[in-house]
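A.B. asks: After the structure tokens below, expect a handful of questions from me.
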Amino acid sequence: MTNSIELKQQQIETTMRLAPVIPVVVIDDARHAVPMARVLVAGGTPAIEVTLRTAAALEAIRAIAAEVEGAMIGVGTVLSARDLKAAQQAGARFAVSPGVSPYLLDAADDSELPLLPGAATASEVMALLERGYRHLKFFPAVPAGGHKLLGAWASPLPQVRFCPTGGISLASAPDFLALSNVICVGGSWLTPASLLATSDWPAIELLAREAAGLHRLA
């Protein structure tokens, strides 16, 4: 292994604790990446997940990594060893997957990039615990059972901490952040397509400031 799983899990925890919300970004125009990231950092949400859902994603990650001071840039929707390698080469500091497979976990063991893997069931959480993962993404958070399901896991799985993502809003985020096993949430509401398309950076910074001001228990 290039880095031990424990060291990389510590790095993931540090990233999760940077702010109550990690912005989850779908970016269609790489030219928007740097100004967007700058206002997210200025608003208090420096850990940024750019998802590999568009052709512009890797270029956007490269630009943010090179030009935005204070940004902790990550890559989302990582599905394969190829995705991990491309993300690391682009300058990403962490990776996020919607779920896991044995092949992806093997690739993560051999990669320097810390992985925040996704889980939606207690069985998936247990399987990831066996591989040394204590910090997980809960996805898709709202459709999979929401804060009530996560709260129910706190007693039988007390060693695990989560970043729930999927269907969460500014209004519903406090329900998750009030749980003892939630460190942060992932949210796409900070960078809506309409604001990115119009380059409304002040509005995005305001959304970031609102998110950064949320209280968390964990």
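Residues are named by chain letter and number: chains run A, B, ... in the order of the structure tokens, numbers start at 1 in each chain, and ligands are numbered from 1 in the order shown.
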Just list the residues in chain A DSSP gives strand (DSSP E) on the backbone, as number ranges by chain.

C.D. replies: A: 21-25, 47-51, 72-76, 94-96, 115-116, 118-119, 135-138, 161-164, 185-187

A.B. asks: Could you please take those selected residues and save N, CA, C and O atoms as a compact mmCIF listing (two decimals), in the first residue's frame?

C.D. replies:
```
# COMPACT_ATOMS: atom_id res chain seq x y z
N VAL A 21 -20.50 21.64 5.78
CA VAL A 21 -21.02 21.23 4.47
C VAL A 21 -19.86 21.15 3.48
O VAL A 21 -19.02 22.06 3.40
N ILE A 22 -19.82 20.06 2.73
CA ILE A 22 -18.93 19.94 1.57
C ILE A 22 -19.76 20.21 0.32
O ILE A 22 -20.68 19.44 0.02
N PRO A 23 -19.49 21.30 -0.41
CA PRO A 23 -20.23 21.54 -1.65
C PRO A 23 -19.97 20.43 -2.66
O PRO A 23 -18.81 20.03 -2.87
N VAL A 24 -21.03 19.92 -3.24
CA VAL A 24 -20.94 18.89 -4.27
C VAL A 24 -21.29 19.57 -5.59
O VAL A 24 -22.43 20.01 -5.79
N VAL A 25 -20.31 19.64 -6.48
CA VAL A 25 -20.41 20.49 -7.66
C VAL A 25 -20.47 19.67 -8.94
O VAL A 25 -19.64 18.78 -9.17
N ALA A 47 -13.59 22.62 1.57
CA ALA A 47 -13.55 21.27 1.00
C ALA A 47 -14.61 21.20 -0.09
O ALA A 47 -15.80 21.38 0.17
N ILE A 48 -14.18 20.97 -1.33
CA ILE A 48 -15.07 21.05 -2.48
C ILE A 48 -14.98 19.74 -3.27
O ILE A 48 -13.89 19.31 -3.65
N GLU A 49 -16.12 19.13 -3.50
CA GLU A 49 -16.18 17.90 -4.29
C GLU A 49 -16.70 18.21 -5.69
O GLU A 49 -17.86 18.58 -5.87
N VAL A 50 -15.83 18.07 -6.69
CA VAL A 50 -16.24 18.22 -8.09
C VAL A 50 -16.50 16.82 -8.63
O VAL A 50 -15.62 15.97 -8.63
N THR A 51 -17.72 16.57 -9.09
CA THR A 51 -18.09 15.23 -9.52
C THR A 51 -17.66 14.96 -10.96
O THR A 51 -17.66 15.85 -11.80
N MET A 72 -9.54 22.75 -0.58
CA MET A 72 -9.27 21.32 -0.44
C MET A 72 -10.12 20.63 -1.50
O MET A 72 -11.29 20.33 -1.29
N ILE A 73 -9.53 20.44 -2.66
CA ILE A 73 -10.31 19.98 -3.80
C ILE A 73 -10.38 18.45 -3.85
O ILE A 73 -9.37 17.77 -3.71
N GLY A 74 -11.58 17.96 -4.01
CA GLY A 74 -11.81 16.53 -4.11
C GLY A 74 -12.56 16.18 -5.37
O GLY A 74 -13.08 17.07 -6.06
N VAL A 75 -12.61 14.90 -5.67
CA VAL A 75 -13.30 14.43 -6.86
C VAL A 75 -14.37 13.42 -6.45
O VAL A 75 -14.13 12.55 -5.61
N GLY A 76 -15.56 13.59 -7.00
CA GLY A 76 -16.66 12.70 -6.68
C GLY A 76 -17.04 11.81 -7.85
O GLY A 76 -16.52 11.93 -8.95
N PHE A 94 -8.69 14.44 -2.26
CA PHE A 94 -9.48 13.32 -1.74
C PHE A 94 -10.45 12.87 -2.81
O PHE A 94 -10.71 13.59 -3.79
N ALA A 95 -10.98 11.65 -2.63
CA ALA A 95 -11.91 11.08 -3.60
C ALA A 95 -13.15 10.59 -2.87
O ALA A 95 -13.08 10.18 -1.70
N VAL A 96 -14.27 10.62 -3.58
CA VAL A 96 -15.56 10.21 -3.01
C VAL A 96 -16.24 9.28 -4.00
O VAL A 96 -16.29 9.56 -5.20
N LEU A 115 -9.84 8.00 0.27
CA LEU A 115 -11.17 7.73 -0.27
C LEU A 115 -12.23 7.84 0.81
O LEU A 115 -12.07 7.30 1.91
N LEU A 116 -13.32 8.54 0.48
CA LEU A 116 -14.53 8.57 1.29
C LEU A 116 -15.56 7.70 0.56
O LEU A 116 -16.21 8.16 -0.38
N GLY A 118 -18.88 5.31 -0.33
CA GLY A 118 -20.30 5.40 -0.07
C GLY A 118 -20.90 4.11 0.43
O GLY A 118 -20.48 3.01 0.05
N ALA A 119 -21.90 4.23 1.31
CA ALA A 119 -22.64 3.09 1.83
C ALA A 119 -24.08 3.51 2.06
O ALA A 119 -24.35 4.66 2.41
N HIS A 135 -14.80 6.34 8.24
CA HIS A 135 -15.43 7.59 7.77
C HIS A 135 -16.02 7.34 6.40
O HIS A 135 -15.30 7.04 5.44
N LEU A 136 -17.34 7.45 6.33
CA LEU A 136 -18.06 7.01 5.13
C LEU A 136 -19.01 8.10 4.64
O LEU A 136 -19.47 8.95 5.40
N LYS A 137 -19.33 7.99 3.38
CA LYS A 137 -20.41 8.77 2.79
C LYS A 137 -21.69 7.94 2.90
O LYS A 137 -21.68 6.74 2.61
N PHE A 138 -22.78 8.53 3.35
CA PHE A 138 -24.09 7.87 3.36
C PHE A 138 -24.85 8.40 2.16
O PHE A 138 -25.21 9.58 2.11
N ARG A 161 -18.31 7.38 11.41
CA ARG A 161 -18.78 8.76 11.22
C ARG A 161 -19.11 8.96 9.75
O ARG A 161 -18.42 8.43 8.87
N PHE A 162 -20.14 9.76 9.50
CA PHE A 162 -20.69 9.86 8.16
C PHE A 162 -20.70 11.28 7.60
O PHE A 162 -20.77 12.26 8.35
N CYS A 163 -20.68 11.33 6.28
CA CYS A 163 -21.01 12.52 5.51
C CYS A 163 -22.21 12.17 4.63
O CYS A 163 -22.03 11.67 3.52
N PRO A 164 -23.43 12.36 5.11
CA PRO A 164 -24.60 12.06 4.29
C PRO A 164 -24.71 13.03 3.12
O PRO A 164 -24.49 14.23 3.26
N VAL A 185 -22.19 17.25 6.02
CA VAL A 185 -23.07 16.77 4.96
C VAL A 185 -22.52 17.24 3.62
O VAL A 185 -21.77 18.22 3.56
N GLY A 186 -22.90 16.55 2.57
CA GLY A 186 -22.58 17.00 1.23
C GLY A 186 -23.80 17.66 0.62
O GLY A 186 -24.92 17.15 0.78
N GLY A 187 -23.60 18.81 -0.04
CA GLY A 187 -24.75 19.53 -0.57
C GLY A 187 -24.51 20.15 -1.93
O GLY A 187 -23.51 20.84 -2.13
```

A.B. asks: Could you name the residues that touch A:Ala81 at 7 Å or less, counting only C-alpha atoms, but leaving out those on the same chain fewer than 2 positions away, as a list in words?

C.D. replies: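 The neighbour list is Asp83, Leu84, Lys85, Leu104 and Ala107 of chain A.
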
A.B. asks: Write out, as an mmCIF file, in the first residue's frame, the residues just selected, with N, CA, C and O atoms.

C.D. replies:
```
data_model
loop_
_atom_site.group_PDB
_atom_site.id
_atom_site.type_symbol
_atom_site.label_atom_id
_atom_site.label_comp_id
_atom_site.auth_asym_id
_atom_site.auth_seq_id
_atom_site.Cartn_x
_atom_site.Cartn_y
_atom_site.Cartn_z
ATOM 1 N N ASP A 83 -10.447 6.220 -12.560
ATOM 2 C CA ASP A 83 -10.926 7.489 -11.997
ATOM 3 C C ASP A 83 -9.997 7.980 -10.888
ATOM 4 O O ASP A 83 -9.684 9.173 -10.817
ATOM 5 N N LEU A 84 -9.570 7.076 -10.013
ATOM 6 C CA LEU A 84 -8.670 7.453 -8.924
ATOM 7 C C LEU A 84 -7.361 8.021 -9.472
ATOM 8 O O LEU A 84 -6.871 9.050 -9.003
ATOM 9 N N LYS A 85 -6.805 7.348 -10.458
ATOM 10 C CA LYS A 85 -5.535 7.791 -11.039
ATOM 11 C C LYS A 85 -5.687 9.157 -11.705
ATOM 12 O O LYS A 85 -4.856 10.051 -11.521
ATOM 13 N N LEU A 104 -12.541 -1.362 -6.629
ATOM 14 C CA LEU A 104 -12.286 0.027 -6.256
ATOM 15 C C LEU A 104 -11.526 0.102 -4.937
ATOM 16 O O LEU A 104 -10.592 0.894 -4.790
ATOM 17 N N ALA A 107 -7.952 -0.749 -5.484
ATOM 18 C CA ALA A 107 -7.261 0.379 -6.127
ATOM 19 C C ALA A 107 -6.991 1.485 -5.115
ATOM 20 O O ALA A 107 -5.927 2.115 -5.134
#
```

A.B. asks: Please identify all polymer residues within 12 Å of A:Ile204, counting only C-alpha atoms, omitting same-chain residues fewer than 6 positions from it, and present them as a ChimeraX atom specification.

C.D. replies: /A:23,25,32,35-45,188-198,210-211

A.B. asks: Using C-alpha atoms, can you write the selected residues to a file as a CSV table (one decimal), in the first residue's frame?

C.D. replies:
```csv
chain,number,residue,atom,x,y,z
A,23,PRO,CA,-20.2,21.5,-1.6
A,25,VAL,CA,-20.4,20.5,-7.7
A,32,HIS,CA,-16.3,28.7,-13.9
A,35,PRO,CA,-14.1,31.9,-9.4
A,36,MET,CA,-16.6,29.4,-8.0
A,37,ALA,CA,-14.0,27.8,-5.8
A,38,ARG,CA,-12.7,31.2,-4.6
A,39,VAL,CA,-16.1,32.2,-3.3
A,40,LEU,CA,-16.7,28.8,-1.7
A,41,VAL,CA,-13.5,29.2,0.2
A,42,ALA,CA,-14.2,32.8,1.1
A,43,GLY,CA,-17.7,31.7,2.3
A,44,GLY,CA,-16.1,29.1,4.7
A,45,THR,CA,-16.6,25.9,2.8
A,188,SER,CA,-25.3,20.5,-4.2
A,189,TRP,CA,-27.5,23.5,-3.2
A,190,LEU,CA,-24.5,25.7,-2.7
A,191,THR,CA,-23.7,25.7,-6.5
A,192,PRO,CA,-27.0,25.5,-8.4
A,193,ALA,CA,-26.7,25.3,-12.2
A,194,SER,CA,-28.6,28.6,-12.6
A,195,LEU,CA,-26.0,30.5,-10.5
A,196,LEU,CA,-23.1,28.9,-12.2
A,197,ALA,CA,-24.6,29.6,-15.7
A,198,THR,CA,-24.9,33.3,-14.8
A,210,GLU,CA,-25.1,30.1,5.3
A,211,ALA,CA,-23.9,26.6,5.1
```

A.B. asks: When distances are computed from only C-alpha atoms, which of A:Leu129, A:Leu170, A:Leu52, A:Cys184 shows the smallest separation from A:Ser97?

C.D. replies: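 Looking at the shortest contact to A:Ser97, the residue is A:Leu52.
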
A.B. asks: Hey, what's within 8 Å of A:Ala60 if we count only C-alpha atoms and toss same-chain stuff fewer than 6 positions away? As a PDB file with all heavy atoms, in the first residue's frame, please?

C.D. replies:
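Okay, around06.pdb is ready:
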```
ATOM      1  N   ILE A  27     -20.044  20.633 -12.717  1.00  0.00           N
ATOM      2  CA  ILE A  27     -19.592  21.803 -13.468  1.00  0.00           C
ATOM      3  C   ILE A  27     -19.511  21.477 -14.951  1.00  0.00           C
ATOM      4  O   ILE A  27     -18.908  20.495 -15.369  1.00  0.00           O
ATOM      5  CB  ILE A  27     -18.244  22.314 -12.918  1.00  0.00           C
ATOM      6  CG1 ILE A  27     -17.930  23.697 -13.463  1.00  0.00           C
ATOM      7  CG2 ILE A  27     -17.112  21.335 -13.134  1.00  0.00           C
ATOM      8  CD1 ILE A  27     -16.920  24.456 -12.617  1.00  0.00           C
ATOM      9  N   ASP A  29     -18.746  24.030 -17.338  1.00  0.00           N
ATOM     10  CA  ASP A  29     -17.807  24.946 -17.981  1.00  0.00           C
ATOM     11  C   ASP A  29     -16.613  25.141 -17.047  1.00  0.00           C
ATOM     12  O   ASP A  29     -16.742  25.744 -15.980  1.00  0.00           O
ATOM     13  CB  ASP A  29     -18.495  26.294 -18.254  1.00  0.00           C
ATOM     14  CG  ASP A  29     -17.638  27.236 -19.092  1.00  0.00           C
ATOM     15  OD1 ASP A  29     -16.408  27.025 -19.178  1.00  0.00           O
ATOM     16  OD2 ASP A  29     -18.199  28.194 -19.656  1.00  0.00           O
ATOM     17  N   ALA A  30     -15.469  24.619 -17.456  1.00  0.00           N
ATOM     18  CA  ALA A  30     -14.281  24.678 -16.593  1.00  0.00           C
ATOM     19  C   ALA A  30     -13.862  26.113 -16.293  1.00  0.00           C
ATOM     20  O   ALA A  30     -13.173  26.355 -15.295  1.00  0.00           O
ATOM     21  CB  ALA A  30     -13.127  23.918 -17.241  1.00  0.00           C
ATOM     22  N   ARG A  31     -14.282  27.067 -17.119  1.00  0.00           N
ATOM     23  CA  ARG A  31     -13.933  28.462 -16.859  1.00  0.00           C
ATOM     24  C   ARG A  31     -14.575  28.987 -15.569  1.00  0.00           C
ATOM     25  O   ARG A  31     -14.121  29.974 -15.001  1.00  0.00           O
ATOM     26  CB  ARG A  31     -14.345  29.338 -18.042  1.00  0.00           C
ATOM     27  CG  ARG A  31     -13.571  29.058 -19.330  1.00  0.00           C
ATOM     28  CD  ARG A  31     -14.144  29.854 -20.483  1.00  0.00           C
ATOM     29  NE  ARG A  31     -15.525  29.469 -20.756  1.00  0.00           N
ATOM     30  CZ  ARG A  31     -16.279  30.008 -21.718  1.00  0.00           C
ATOM     31  NH1 ARG A  31     -15.783  30.982 -22.482  1.00  0.00           N
ATOM     32  NH2 ARG A  31     -17.512  29.604 -21.914  1.00  0.00           N
ATOM     33  N   HIS A  32     -15.625  28.317 -15.120  1.00  0.00           N
ATOM     34  CA  HIS A  32     -16.294  28.718 -13.884  1.00  0.00           C
ATOM     35  C   HIS A  32     -15.595  28.194 -12.637  1.00  0.00           C
ATOM     36  O   HIS A  32     -15.903  28.634 -11.523  1.00  0.00           O
ATOM     37  CB  HIS A  32     -17.742  28.216 -13.878  1.00  0.00           C
ATOM     38  CG  HIS A  32     -18.615  28.858 -14.910  1.00  0.00           C
ATOM     39  ND1 HIS A  32     -19.750  28.242 -15.413  1.00  0.00           N
ATOM     40  CD2 HIS A  32     -18.526  30.056 -15.535  1.00  0.00           C
ATOM     41  CE1 HIS A  32     -20.320  29.042 -16.299  1.00  0.00           C
ATOM     42  NE2 HIS A  32     -19.603  30.144 -16.386  1.00  0.00           N
ATOM     43  N   ALA A  33     -14.674  27.255 -12.801  1.00  0.00           N
ATOM     44  CA  ALA A  33     -14.130  26.518 -11.661  1.00  0.00           C
ATOM     45  C   ALA A  33     -13.418  27.421 -10.664  1.00  0.00           C
ATOM     46  O   ALA A  33     -13.679  27.363  -9.449  1.00  0.00           O
ATOM     47  CB  ALA A  33     -13.184  25.425 -12.151  1.00  0.00           C
ATOM     48  N   VAL A  34     -12.497  28.243 -11.136  1.00  0.00           N
ATOM     49  CA  VAL A  34     -11.674  29.043 -10.228  1.00  0.00           C
ATOM     50  C   VAL A  34     -12.496  30.106  -9.489  1.00  0.00           C
ATOM     51  O   VAL A  34     -12.426  30.186  -8.256  1.00  0.00           O
ATOM     52  CB  VAL A  34     -10.481  29.660 -10.976  1.00  0.00           C
ATOM     53  CG1 VAL A  34      -9.790  30.723 -10.130  1.00  0.00           C
ATOM     54  CG2 VAL A  34      -9.483  28.564 -11.353  1.00  0.00           C
ATOM     55  N   VAL A  50     -15.834  18.072  -6.687  1.00  0.00           N
ATOM     56  CA  VAL A  50     -16.242  18.216  -8.085  1.00  0.00           C
ATOM     57  C   VAL A  50     -16.503  16.818  -8.635  1.00  0.00           C
ATOM     58  O   VAL A  50     -15.617  15.967  -8.634  1.00  0.00           O
ATOM     59  CB  VAL A  50     -15.169  18.929  -8.920  1.00  0.00           C
ATOM     60  CG1 VAL A  50     -15.560  18.938 -10.402  1.00  0.00           C
ATOM     61  CG2 VAL A  50     -14.974  20.360  -8.428  1.00  0.00           C
TER      62      VAL A  50
END
```

A.B. asks: Between atom CA of A:Ala218 and atom CA of A:Gln10, what is the spacing in Å?

C.D. replies: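 Computed distance, atom CA of A:Gln10 to atom CA of A:Ala218, equals 15.4 Å.
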
A.B. asks: Between atom CA of A:Pro156 and atom CA of A:Glu130, what distance in Å does the model show, to one decimal?

C.D. replies: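 So the two atoms, atom CA of A:Pro156 and atom CA of A:Glu130, lie 15.0 Å apart.
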
A.B. asks: Using DSSP secondary structure from the backbone, list all alpha helix (DSSP H) positions within stretch 47-201 of chain A, as number ranges by chain.

C.D. replies: A: 57-67, 81-90, 102-110, 122-130, 141-144, 146-153, 173-177, 193-197, 201

A.B. asks: So that I can check the surroundings of A:Ala154, please list as JSON, numbers by chain every protein, DNA and RNA residue that reaches within 12 Å of it, counting only C-alpha atoms and ignoring chain neighbours fewer than 2 positions away.

C.D. replies: {"A": [122, 125, 147, 148, 149, 150, 151, 152, 156, 157, 158, 159, 160, 161, 162, 179, 180, 181, 182, 218]}

A.B. asks: Next, dump the selected residues to file, keeping only N, CA, C and O atoms, as a short mmCIF file (atom, residue, chain, number, x, y, z; two decimals), in the first residue's frame.

C.D. replies:
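Result file selection-v6.cif:
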```cif
data_model
loop_
_atom_site.label_atom_id
_atom_site.label_comp_id
_atom_site.auth_asym_id
_atom_site.auth_seq_id
_atom_site.Cartn_x
_atom_site.Cartn_y
_atom_site.Cartn_z
N ALA A 122 -26.55 -1.09 6.46
CA ALA A 122 -25.70 -1.50 7.57
C ALA A 122 -24.70 -2.57 7.14
O ALA A 122 -23.56 -2.59 7.60
N VAL A 125 -21.83 -0.85 5.49
CA VAL A 125 -21.00 -0.21 6.51
C VAL A 125 -20.11 -1.24 7.19
O VAL A 125 -18.91 -1.01 7.39
N HIS A 147 -32.14 11.01 8.03
CA HIS A 147 -31.49 11.14 9.33
C HIS A 147 -31.99 10.11 10.33
O HIS A 147 -31.27 9.75 11.27
N LYS A 148 -33.20 9.61 10.16
CA LYS A 148 -33.71 8.61 11.10
C LYS A 148 -32.95 7.30 10.97
O LYS A 148 -32.63 6.65 11.98
N LEU A 149 -32.61 6.90 9.76
CA LEU A 149 -31.82 5.68 9.57
C LEU A 149 -30.41 5.87 10.14
O LEU A 149 -29.91 5.00 10.86
N LEU A 150 -29.79 7.00 9.84
CA LEU A 150 -28.45 7.25 10.37
C LEU A 150 -28.45 7.28 11.89
O LEU A 150 -27.54 6.76 12.54
N GLY A 151 -29.46 7.89 12.47
CA GLY A 151 -29.57 7.93 13.92
C GLY A 151 -29.69 6.53 14.52
O GLY A 151 -29.15 6.24 15.59
N ALA A 152 -30.39 5.65 13.82
CA ALA A 152 -30.56 4.28 14.30
C ALA A 152 -29.25 3.49 14.25
O ALA A 152 -29.07 2.53 15.01
N PRO A 156 -25.49 0.66 17.24
CA PRO A 156 -24.81 -0.58 16.86
C PRO A 156 -23.50 -0.36 16.09
O PRO A 156 -22.68 -1.28 16.01
N LEU A 157 -23.31 0.84 15.54
CA LEU A 157 -22.10 1.12 14.75
C LEU A 157 -21.46 2.41 15.27
O LEU A 157 -21.28 3.38 14.52
N PRO A 158 -21.09 2.46 16.55
CA PRO A 158 -20.66 3.72 17.16
C PRO A 158 -19.32 4.23 16.67
O PRO A 158 -18.99 5.40 16.86
N GLN A 159 -18.53 3.37 16.03
CA GLN A 159 -17.19 3.78 15.61
C GLN A 159 -17.17 4.46 14.24
O GLN A 159 -16.11 4.91 13.79
N VAL A 160 -18.32 4.56 13.58
CA VAL A 160 -18.38 5.09 12.22
C VAL A 160 -18.91 6.52 12.24
O VAL A 160 -19.85 6.84 12.99
N ARG A 161 -18.31 7.38 11.41
CA ARG A 161 -18.78 8.76 11.22
C ARG A 161 -19.11 8.96 9.75
O ARG A 161 -18.42 8.43 8.87
N PHE A 162 -20.14 9.76 9.50
CA PHE A 162 -20.69 9.86 8.16
C PHE A 162 -20.70 11.28 7.60
O PHE A 162 -20.77 12.26 8.35
N LEU A 179 -26.91 14.77 14.62
CA LEU A 179 -26.61 13.39 15.00
C LEU A 179 -25.16 13.25 15.46
O LEU A 179 -24.26 13.88 14.91
N SER A 180 -24.93 12.38 16.43
CA SER A 180 -23.59 12.19 16.98
C SER A 180 -22.65 11.50 16.01
O SER A 180 -21.43 11.56 16.18
N ASN A 181 -23.18 10.83 15.00
CA ASN A 181 -22.33 10.11 14.05
C ASN A 181 -22.21 10.82 12.70
O ASN A 181 -21.76 10.23 11.73
N VAL A 182 -22.58 12.09 12.64
CA VAL A 182 -22.45 12.88 11.40
C VAL A 182 -21.49 14.03 11.64
O VAL A 182 -21.70 14.85 12.54
N ALA A 218 -21.30 16.49 16.12
CA ALA A 218 -20.13 15.60 16.14
C ALA A 218 -18.82 16.39 16.04
O ALA A 218 -18.76 17.41 15.39
#
```

A.B. asks: Nearest to A:Val26 among A:His215, A:Arg62, A:Arg53, A:Arg93, with distances taken over only C-alpha atoms: which residue is it?

C.D. replies: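 Closest to A:Val26 of all the choices is A:Arg53.
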
A.B. asks: Restricting the calculation to only C-alpha atoms, which member of A:Phe139, A:Ala120, A:Ala86, A:Leu177 is positioned closest to A:Trp153?

C.D. replies: A:Ala120

A.B. asks: When distances are computed from only C-alpha atoms, which of A:Ala90, A:Leu128, A:Ser169, A:Ala178 shows the smallest separation from A:Leu207?

C.D. replies: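 Looking only at the distances to A:Leu207, the closest residue turns out to be A:Ser169.
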